[in-house]
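J.: First, the structure itself, so that you have it in front of you.
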Amino acid sequence: MRFSGPRVAPISGAARQVVVLLHGFGANGDDLIGLAEYFRAILPDALYVAPDAPNICALNPAGLEWFDLSEANPDRVAKLAAAARPALATYLEELWIETGLAAGESVLIGFSQGAMMALEVGLRLAHPVLGIVGFSGALPGAASLASEIRSRPPVCLLHGSADPVVPYALGLAAREALQGLGVEVTFHSSPGAGHTITPDGLDFAMGFLRRLAAAREGPET
């Protein structure tokens, strides 16, 4: 499935990695593509893509959604996230064919509902992505993940302690559930912050990406 959305080309012109930026509920790809300017300092040879979610937002017709969040019942959210998974997984497969890259050269970065989708898809791929970054998100379908997880890439979770939209407790629960499944998780709390990407959170995420890039390149000789 070819979603539309903005892109930022690699500085070198030849993509060696691809970074997929998944926006939140009621937004679109333009909302996150600006992060490319920060991350390019670490991954200058990456293609940055910020696909638009496929559905008109139920609560904000001017925006888009990966799945309906008008009711936050956990069982309902898990079911709808699972239903949204195949379209995004297909998008990734088509992106890898287009670029000649693979899961192992890819990073999934999401905010809020986009973070939920990054985890929903990224942990069920046959081959692990390089890493997953989730800002202000949660882990939908945690109960079923134990039997469905297929890969365990390193995960970085970031959350404001005063988030009124996706409660901080959901970020902590995601960390605990993932660690229980053997996933390497780093977690950053932004004290007093709400539902947003904070400067300290962005710095922490950049450090995570820097470590991924270094591990990918291997030890110096």
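We name chains A, B, ... following the order of the structure tokens; residues begin at 1 in each chain, and ligands are numbered from 1 as shown.
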Find the spatial neighbours of A:Pro164, counting only C-alpha atoms, within a cut-off of 7 Å - ignore same-chain residues fewer than 2 positions away - and output them as a PyMOL selection string.
T.: chain A and resi 162+166-167+194-195
J.: To one decimal in Å, tell me the separation between atom CA of A:Thr196 and atom CA of A:Leu172.
T.: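 Going from atom CA of A:Thr196 over to atom CA of A:Leu172 covers 16.5 Å.
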J.: As a ChimeraX atom specification, please: all residues of stretch 18-190 of chain A that backbone DSSP puts in strand (DSSP E).
T.: /A:18-22,46-49,55-56,64-65,106-111,131-135,155-160,185-190
J.: Please identify all polymer residues within 12 Å of A:Leu88, counting only C-alpha atoms, omitting same-chain residues fewer than 6 positions from it, and present them as a VMD selection string.
T.: chain A and resid 1 to 3 20 to 22 50 to 54 66 to 67 81 to 82 94 to 95 108 114 117 to 122 124 to 125
J.: Restricted to N, CA, C and O atoms, what would the selected residues look like written as a JSON list (two decimals), in the first residue's frame?
T.:
[["chain", "number", "residue", "atom", "x", "y", "z"],
["A", 1, "MET", "N", 0.85, -1.19, 0.00],
["A", 1, "MET", "CA", 0.00, 0.00, 0.00],
["A", 1, "MET", "C", 0.88, 1.23, 0.00],
["A", 1, "MET", "O", 1.74, 1.37, 0.87],
["A", 2, "ARG", "N", 0.70, 2.10, -0.97],
["A", 2, "ARG", "CA", 1.53, 3.29, -1.09],
["A", 2, "ARG", "C", 0.84, 4.48, -0.42],
["A", 2, "ARG", "O", -0.02, 5.13, -1.01],
["A", 3, "PHE", "N", 1.19, 4.76, 0.82],
["A", 3, "PHE", "CA", 0.69, 5.95, 1.48],
["A", 3, "PHE", "C", 1.44, 7.16, 0.93],
["A", 3, "PHE", "O", 2.61, 7.07, 0.57],
["A", 20, "VAL", "N", 11.42, 5.74, 9.19],
["A", 20, "VAL", "CA", 9.98, 5.91, 8.98],
["A", 20, "VAL", "C", 9.40, 6.62, 10.18],
["A", 20, "VAL", "O", 9.48, 6.13, 11.31],
["A", 21, "LEU", "N", 8.81, 7.80, 9.94],
["A", 21, "LEU", "CA", 8.25, 8.64, 10.98],
["A", 21, "LEU", "C", 6.73, 8.52, 10.96],
["A", 21, "LEU", "O", 6.09, 8.90, 9.97],
["A", 22, "LEU", "N", 6.16, 7.99, 12.04],
["A", 22, "LEU", "CA", 4.73, 7.71, 12.08],
["A", 22, "LEU", "C", 4.03, 8.71, 13.00],
["A", 22, "LEU", "O", 4.27, 8.75, 14.21],
["A", 50, "ALA", "N", 7.65, 10.11, 5.99],
["A", 50, "ALA", "CA", 6.61, 10.33, 6.99],
["A", 50, "ALA", "C", 5.25, 10.07, 6.34],
["A", 50, "ALA", "O", 4.57, 11.01, 5.90],
["A", 51, "PRO", "N", 4.85, 8.82, 6.23],
["A", 51, "PRO", "CA", 3.60, 8.50, 5.53],
["A", 51, "PRO", "C", 2.37, 9.04, 6.26],
["A", 51, "PRO", "O", 2.33, 9.08, 7.49],
["A", 52, "ASP", "N", 1.40, 9.46, 5.46],
["A", 52, "ASP", "CA", 0.11, 9.86, 6.00],
["A", 52, "ASP", "C", -0.71, 8.62, 6.32],
["A", 52, "ASP", "O", -0.78, 7.69, 5.50],
["A", 53, "ALA", "N", -1.31, 8.60, 7.49],
["A", 53, "ALA", "CA", -2.20, 7.49, 7.83],
["A", 53, "ALA", "C", -3.34, 7.41, 6.82],
["A", 53, "ALA", "O", -3.73, 8.43, 6.22],
["A", 54, "PRO", "N", -3.91, 6.24, 6.61],
["A", 54, "PRO", "CA", -4.87, 6.05, 5.51],
["A", 54, "PRO", "C", -6.30, 6.51, 5.79],
["A", 54, "PRO", "O", -7.10, 6.55, 4.86],
["A", 66, "TRP", "N", -4.45, 6.24, 12.15],
["A", 66, "TRP", "CA", -4.10, 4.87, 11.79],
["A", 66, "TRP", "C", -5.26, 3.93, 12.12],
["A", 66, "TRP", "O", -5.49, 2.95, 11.43],
["A", 67, "PHE", "N", -5.96, 4.26, 13.20],
["A", 67, "PHE", "CA", -7.18, 3.54, 13.57],
["A", 67, "PHE", "C", -7.98, 4.44, 14.50],
["A", 67, "PHE", "O", -7.46, 5.43, 15.05],
["A", 81, "ALA", "N", -5.79, -1.75, 16.38],
["A", 81, "ALA", "CA", -4.38, -1.65, 15.99],
["A", 81, "ALA", "C", -3.96, -2.86, 15.19],
["A", 81, "ALA", "O", -3.23, -2.75, 14.19],
["A", 82, "ALA", "N", -4.43, -4.04, 15.59],
["A", 82, "ALA", "CA", -4.10, -5.27, 14.85],
["A", 82, "ALA", "C", -4.69, -5.22, 13.45],
["A", 82, "ALA", "O", -4.06, -5.67, 12.48],
["A", 94, "GLU", "N", 6.96, -2.58, 0.61],
["A", 94, "GLU", "CA", 7.08, -1.86, -0.67],
["A", 94, "GLU", "C", 8.20, -0.83, -0.62],
["A", 94, "GLU", "O", 8.91, -0.60, -1.61],
["A", 95, "LEU", "N", 8.36, -0.20, 0.54],
["A", 95, "LEU", "CA", 9.43, 0.78, 0.70],
["A", 95, "LEU", "C", 10.80, 0.11, 0.59],
["A", 95, "LEU", "O", 11.72, 0.65, -0.04],
["A", 108, "LEU", "N", 12.03, 2.68, 12.93],
["A", 108, "LEU", "CA", 10.66, 3.13, 13.05],
["A", 108, "LEU", "C", 10.56, 4.10, 14.22],
["A", 108, "LEU", "O", 10.97, 3.78, 15.34],
["A", 114, "GLY", "N", 1.22, 6.91, 16.49],
["A", 114, "GLY", "CA", 2.28, 6.43, 15.62],
["A", 114, "GLY", "C", 3.27, 5.54, 16.36],
["A", 114, "GLY", "O", 3.80, 4.58, 15.80],
["A", 117, "MET", "N", 1.72, 2.17, 16.63],
["A", 117, "MET", "CA", 1.81, 1.42, 15.38],
["A", 117, "MET", "C", 3.24, 0.94, 15.12],
["A", 117, "MET", "O", 3.45, -0.14, 14.57],
["A", 118, "ALA", "N", 4.23, 1.73, 15.52],
["A", 118, "ALA", "CA", 5.63, 1.30, 15.36],
["A", 118, "ALA", "C", 5.88, 0.02, 16.14],
["A", 118, "ALA", "O", 6.54, -0.92, 15.65],
["A", 119, "LEU", "N", 5.34, -0.06, 17.36],
["A", 119, "LEU", "CA", 5.49, -1.26, 18.17],
["A", 119, "LEU", "C", 4.62, -2.39, 17.65],
["A", 119, "LEU", "O", 5.05, -3.55, 17.60],
["A", 120, "GLU", "N", 3.40, -2.06, 17.26],
["A", 120, "GLU", "CA", 2.46, -3.07, 16.76],
["A", 120, "GLU", "C", 3.04, -3.81, 15.56],
["A", 120, "GLU", "O", 2.95, -5.04, 15.45],
["A", 121, "VAL", "N", 3.65, -3.07, 14.65],
["A", 121, "VAL", "CA", 4.19, -3.67, 13.42],
["A", 121, "VAL", "C", 5.61, -4.17, 13.63],
["A", 121, "VAL", "O", 5.96, -5.30, 13.24],
["A", 122, "GLY", "N", 6.45, -3.34, 14.25],
["A", 122, "GLY", "CA", 7.88, -3.64, 14.29],
["A", 122, "GLY", "C", 8.24, -4.90, 15.04],
["A", 122, "GLY", "O", 9.23, -5.56, 14.71],
["A", 124, "ARG", "N", 6.44, -7.59, 15.14],
["A", 124, "ARG", "CA", 5.84, -8.76, 14.49],
["A", 124, "ARG", "C", 6.41, -9.01, 13.10],
["A", 124, "ARG", "O", 5.92, -9.88, 12.38],
["A", 125, "LEU", "N", 7.45, -8.27, 12.72],
["A", 125, "LEU", "CA", 8.10, -8.48, 11.44],
["A", 125, "LEU", "C", 8.97, -9.73, 11.50],
["A", 125, "LEU", "O", 9.53, -10.06, 12.55]]
J.: Can you work out which one of A:Ala193, A:Leu47, A:Val133, A:Ala142 has the shortest atom-to-atom distance to A:Gly110, counting only C-alpha atoms?
T.: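 When distances to A:Gly110 are compared using only C-alpha atoms, the smallest one comes from A:Val133.
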J.: Between A:Leu92, A:Leu158, A:Leu181, A:Leu130, which is the closest to A:Asp200 once you count only C-alpha atoms?
T.: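 With only C-alpha atoms as the atom set, the closest residue is A:Leu158.
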J.: Would you mind writing down, as a count of residues only, each residue of chain A that DSSP on the backbone assigns to helix (DSSP H, G or I)?
T.: 88
J.: Find the residues near A:Ser112: any atom within 8 Å, counting only C-alpha atoms, skip ones fewer than 3 places away on the same chain, and give them as a list in words.
T.: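 Those residues are His23, Gly24, Phe25, Ala115, Met116, Gly134, Phe135, Ser136, Gly137, Ala138 and Val166 of chain A.
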J.: Work out how far apart atom CA of A:Leu64 and atom CA of A:Tyr91 are and give it in Å to one decimal.
T.: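 Taking atom CA of A:Leu64 as the start and atom CA of A:Tyr91 as the end point, the length is 16.5 Å.
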J.: Select, from A:Ile132, A:Ile11, A:Ala72, A:Leu178, the residue with the minimum atom-to-atom distance to A:Ala103, counting only C-alpha atoms.
T.: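 The closest residue to A:Ala103 is A:Ile132.
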